[in-house]
Structures are given as structure tokens and as C-alpha cells.
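Undergrad: Structure: data.pdb, PDB, C-alpha atoms, pLDDT in the B column.
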```
ATOM      1  CA  MET I  45      82.292 111.995  81.818  1.00 67.00           C
ATOM      2  CA  LYS I  46      80.646 109.387  79.634  1.00 82.00           C
ATOM      3  CA  LYS I  47      78.213 107.181  81.518  1.00 84.00           C
ATOM      4  CA  LEU I  48      77.885 103.500  80.755  1.00 88.00           C
ATOM      5  CA  GLN I  49      74.989 101.097  81.020  1.00 90.00           C
ATOM      6  CA  TYR I  50      75.277  97.627  82.531  1.00 89.00           C
ATOM      7  CA  THR I  51      73.016  94.632  82.417  1.00 92.00           C
ATOM      8  CA  ILE I  52      73.581  92.421  85.443  1.00 91.00           C
ATOM      9  CA  ARG I  53      72.020  88.983  85.622  1.00 93.00           C
ATOM     10  CA  ASN I  54      71.627  86.316  88.300  1.00 94.00           C
ATOM     11  CA  ILE I  55      71.445  88.678  91.264  1.00 92.00           C
ATOM     12  CA  PRO I  56      70.859  86.601  94.404  1.00 93.00           C
ATOM     13  CA  PRO I  57      67.374  87.230  95.854  1.00 93.00           C
ATOM     14  CA  ASP I  58      68.835  88.288  99.218  1.00 93.00           C
ATOM     15  CA  VAL I  59      70.988  90.946  97.528  1.00 92.00           C
ATOM     16  CA  ASP I  60      68.022  92.192  95.513  1.00 94.00           C
ATOM     17  CA  GLN I  61      65.910  92.465  98.659  1.00 95.00           C
ATOM     18  CA  ILE I  62      68.605  94.411 100.537  1.00 93.00           C
ATOM     19  CA  ILE I  63      69.097  96.855  97.670  1.00 93.00           C
ATOM     20  CA  ARG I  64      65.347  97.402  97.292  1.00 95.00           C
ATOM     21  CA  LYS I  65      64.910  97.987 101.034  1.00 95.00           C
ATOM     22  CA  ARG I  66      67.820 100.438 101.069  1.00 93.00           C
ATOM     23  CA  ALA I  67      66.377 102.306  98.087  1.00 95.00           C
ATOM     24  CA  GLN I  68      62.998 102.525  99.761  1.00 96.00           C
ATOM     25  CA  ARG I  69      64.483 103.588 103.113  1.00 94.00           C
ATOM     26  CA  THR I  70      66.602 106.351 101.545  1.00 93.00           C
ATOM     27  CA  GLY I  71      63.933 107.464  99.074  1.00 96.00           C
ATOM     28  CA  LYS I  72      66.321 106.915  96.165  1.00 95.00           C
ATOM     29  CA  SER I  73      65.729 104.933  92.998  1.00 95.00           C
ATOM     30  CA  PHE I  74      66.879 101.345  92.725  1.00 94.00           C
ATOM     31  CA  ASN I  75      69.362 102.398  90.021  1.00 94.00           C
ATOM     32  CA  THR I  76      70.846 105.205  92.142  1.00 92.00           C
ATOM     33  CA  THR I  77      71.156 102.853  95.104  1.00 93.00           C
ATOM     34  CA  VAL I  78      73.022 100.256  93.026  1.00 93.00           C
ATOM     35  CA  ILE I  79      75.346 102.916  91.581  1.00 89.00           C
ATOM     36  CA  GLU I  80      76.104 104.248  95.077  1.00 88.00           C
ATOM     37  CA  ALA I  81      76.836 100.724  96.378  1.00 89.00           C
ATOM     38  CA  LEU I  82      79.166  99.983  93.445  1.00 86.00           C
ATOM     39  CA  THR I  83      80.916 103.333  93.830  1.00 83.00           C
ATOM     40  CA  ILE I  84      81.469 102.879  97.564  1.00 80.00           C
ATOM     41  CA  GLN I  85      82.780  99.335  97.099  1.00 81.00           C
ATOM     42  CA  THR I  86      85.177 100.273  94.300  1.00 76.00           C
ATOM     43  CA  LEU I  87      86.293 103.789  95.291  1.00 74.00           C
ATOM     44  CA  GLY I  88      85.538 103.912  99.010  1.00 72.00           C
ATOM     45  CA  SER I  89      83.213 106.911  98.744  1.00 68.00           C
ATOM     46  CA  THR I  90      80.277 108.238  96.767  1.00 68.00           C
ATOM     47  CA  ASP I  91      82.243 111.477  96.309  1.00 69.00           C
ATOM     48  CA  ILE I  92      84.041 110.421  93.119  1.00 65.00           C
ATOM     49  CA  LYS I  93      86.424 113.410  93.025  1.00 67.00           C
ATOM     50  CA  LYS I  94      87.484 112.808  96.626  1.00 66.00           C
ATOM     51  CA  ALA I  95      87.748 109.057  96.065  1.00 62.00           C
ATOM     52  CA  LYS I  96      90.010 109.482  93.033  1.00 62.00           C
ATOM     53  CA  LYS I  97      92.410 111.569  95.126  1.00 61.00           C
ATOM     54  CA  ASN I  98      92.486 108.933  97.870  1.00 61.00           C
ATOM     55  CA  ILE I  99      92.580 105.739  95.817  1.00 60.00           C
ATOM     56  CA  PHE I 100      96.348 105.362  96.138  1.00 57.00           C
ATOM     57  CA  THR I 101      96.209 106.073  99.849  1.00 56.00           C
ATOM     58  CA  ARG I 102      93.915 103.054 100.247  1.00 55.00           C
ATOM     59  CA  LEU I 103      96.448 100.930  98.395  1.00 56.00           C
ATOM     60  CA  GLN I 104      99.325 101.825 100.711  1.00 55.00           C
ATOM     61  CA  GLY I 105     100.691  98.827 102.491  1.00 54.00           C
ATOM     62  CA  ILE I 106     100.052  96.514  99.579  1.00 54.00           C
ATOM     63  CA  ASN I 107     103.619  95.735  98.577  1.00 52.00           C
ATOM     64  CA  SER I 108     103.148  92.729  96.384  1.00 50.00           C
ATOM     65  CA  LEU I 109     100.587  90.423  94.887  1.00 59.00           C
ATOM     66  CA  ASP I 110     101.977  87.461  96.781  1.00 65.00           C
ATOM     67  CA  ASP I 111     103.794  87.039 100.088  1.00 67.00           C
ATOM     68  CA  ASN I 112     106.742  85.442  98.281  1.00 74.00           C
ATOM     69  CA  PHE I 113     106.988  88.073  95.549  1.00 71.00           C
ATOM     70  CA  ASP I 114     109.716  90.198  97.161  1.00 72.00           C
ATOM     71  CA  GLN I 115     111.799  87.112  97.991  1.00 76.00           C
ATOM     72  CA  ALA I 116     111.495  85.792  94.436  1.00 77.00           C
ATOM     73  CA  ILE I 117     112.631  89.124  92.981  1.00 74.00           C
ATOM     74  CA  LYS I 118     115.544  89.262  95.402  1.00 78.00           C
ATOM     75  CA  GLU I 119     116.656  85.758  94.421  1.00 78.00           C
ATOM     76  CA  GLN I 120     116.469  86.606  90.722  1.00 78.00           C
ATOM     77  CA  SER I 121     118.641  89.661  91.302  1.00 77.00           C
ATOM     78  CA  GLU I 122     121.489  87.683  92.913  1.00 78.00           C
ATOM     79  CA  ILE I 123     124.468  86.866  90.705  1.00 79.00           C
ATOM     80  CA  ASP I 124     125.570  83.229  90.630  1.00 76.00           C
ATOM     81  CA  ASP I 125     129.374  83.395  90.388  1.00 78.00           C
ATOM     82  CA  LYS I 126     129.532  79.783  89.122  1.00 79.00           C
ATOM     83  CA  LEU I 127     127.784  80.850  85.936  1.00 76.00           C
ATOM     84  CA  TRP I 128     130.288  83.636  85.242  1.00 74.00           C
ATOM     85  CA  LEU I 129     133.621  81.869  85.861  1.00 64.00           C
TER      86      LEU I 129
END
```
Could you spell out this file's structure in C-alpha cells?

TA:
Amino acid sequence: MKKLQYTIRNIPPDVDQIIRKRAQRTGKSFNTTVIEALTIQTLGSTDIKKAKKNIFTRLQGINSLDDNFDQAIKEQSEIDDKLWL
């Protein structure tokens, strides 16, 4: 898998401090700590293979982007007899 490089600017000082403390506490590099945090937040796990299998499971229950989406689709699917007579 190809690995990418990011440049992230304007990190809030509190976030920087938390990441640095976590890196120090775990004995991992700052970079590894940031990658783990991003991976957990986006995939739900640092085990990428396991996370890819479960990504759709985490999305279950999300039926639409908006509460009114299903109703709007239903209304668009109804036939207006006045238009066809």
C-alpha cells in the first residue's frame, strides 16, 4: 500500500500537547501517535485489515443523510393522477 505524506498546519496548542504527552507515555514517535489517532478516528481501530472489514457494520443504522430524506423520496415516487388525465 502506498503511503502518503501530509502537512498539517494550525494545530491548536492543546491538541499538540495531548499528542506529545501520549507519544511520550506510550514510547512511540509523535508521527506514529498521530497516525494511530487518525486511524482510530476514521476506521475505528488501529488494525486496518480488521477495520476495513467492519467499516460497513459501523455505518448500519444510518439510513439517510437527512431526517426528511425518506419522506421526500416517497413523495417524489407518488403519481399525481391530475397530471395524467

Undergrad: For a quick check of understanding, using all atoms listed in the file, which of I:Ile117, I:Ile52, I:Ala81, I:Leu87 has the smallest distance to Arg64 in chain I?

TA: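 Once distances to Arg64 in chain I are computed over all atoms listed in the file, the minimum belongs to I:Ala81.
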
Undergrad: Considering all atoms listed in the file, state which residue in the set I:Gly88, I:Gln120, I:Gln115, I:Val78 is at the smallest distance from Ile55 in chain I.

TA: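 Once distances to Ile55 in chain I are computed over all atoms listed in the file, the minimum belongs to I:Val78.
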
Undergrad: For the provided coordinates, the residues matched by the PyMOL selection byres ((chain I and resi 77) around 12) should be stated as a tab-separated table (two decimals) with C-alpha atoms, in the coordinates of the input.

TA:
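Final file, result.tsv:
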```
chain	number	residue	atom	x	y	z
I	60	ASP	CA	68.02	92.19	95.51
I	62	ILE	CA	68.60	94.41	100.54
I	63	ILE	CA	69.10	96.86	97.67
I	64	ARG	CA	65.35	97.40	97.29
I	65	LYS	CA	64.91	97.99	101.03
I	66	ARG	CA	67.82	100.44	101.07
I	67	ALA	CA	66.38	102.31	98.09
I	68	GLN	CA	63.00	102.52	99.76
I	69	ARG	CA	64.48	103.59	103.11
I	70	THR	CA	66.60	106.35	101.54
I	71	GLY	CA	63.93	107.46	99.07
I	72	LYS	CA	66.32	106.92	96.16
I	73	SER	CA	65.73	104.93	93.00
I	74	PHE	CA	66.88	101.34	92.72
I	75	ASN	CA	69.36	102.40	90.02
I	76	THR	CA	70.85	105.20	92.14
I	78	VAL	CA	73.02	100.26	93.03
I	79	ILE	CA	75.35	102.92	91.58
I	80	GLU	CA	76.10	104.25	95.08
I	81	ALA	CA	76.84	100.72	96.38
I	82	LEU	CA	79.17	99.98	93.44
I	83	THR	CA	80.92	103.33	93.83
I	84	ILE	CA	81.47	102.88	97.56
I	90	THR	CA	80.28	108.24	96.77
```

Undergrad: Mind working out the centre and edge lengths of an axis-aligned box for range 57-73 of chain I, all listed atoms inside, 6 Å added to each side, rounded to one decimal in Å and written as lines of an AutoDock Vina configuration file?

TA:
```
center_x = 67.0
center_y = 97.3
center_z = 98.1
size_x = 20.0
size_y = 32.2
size_z = 22.1
```
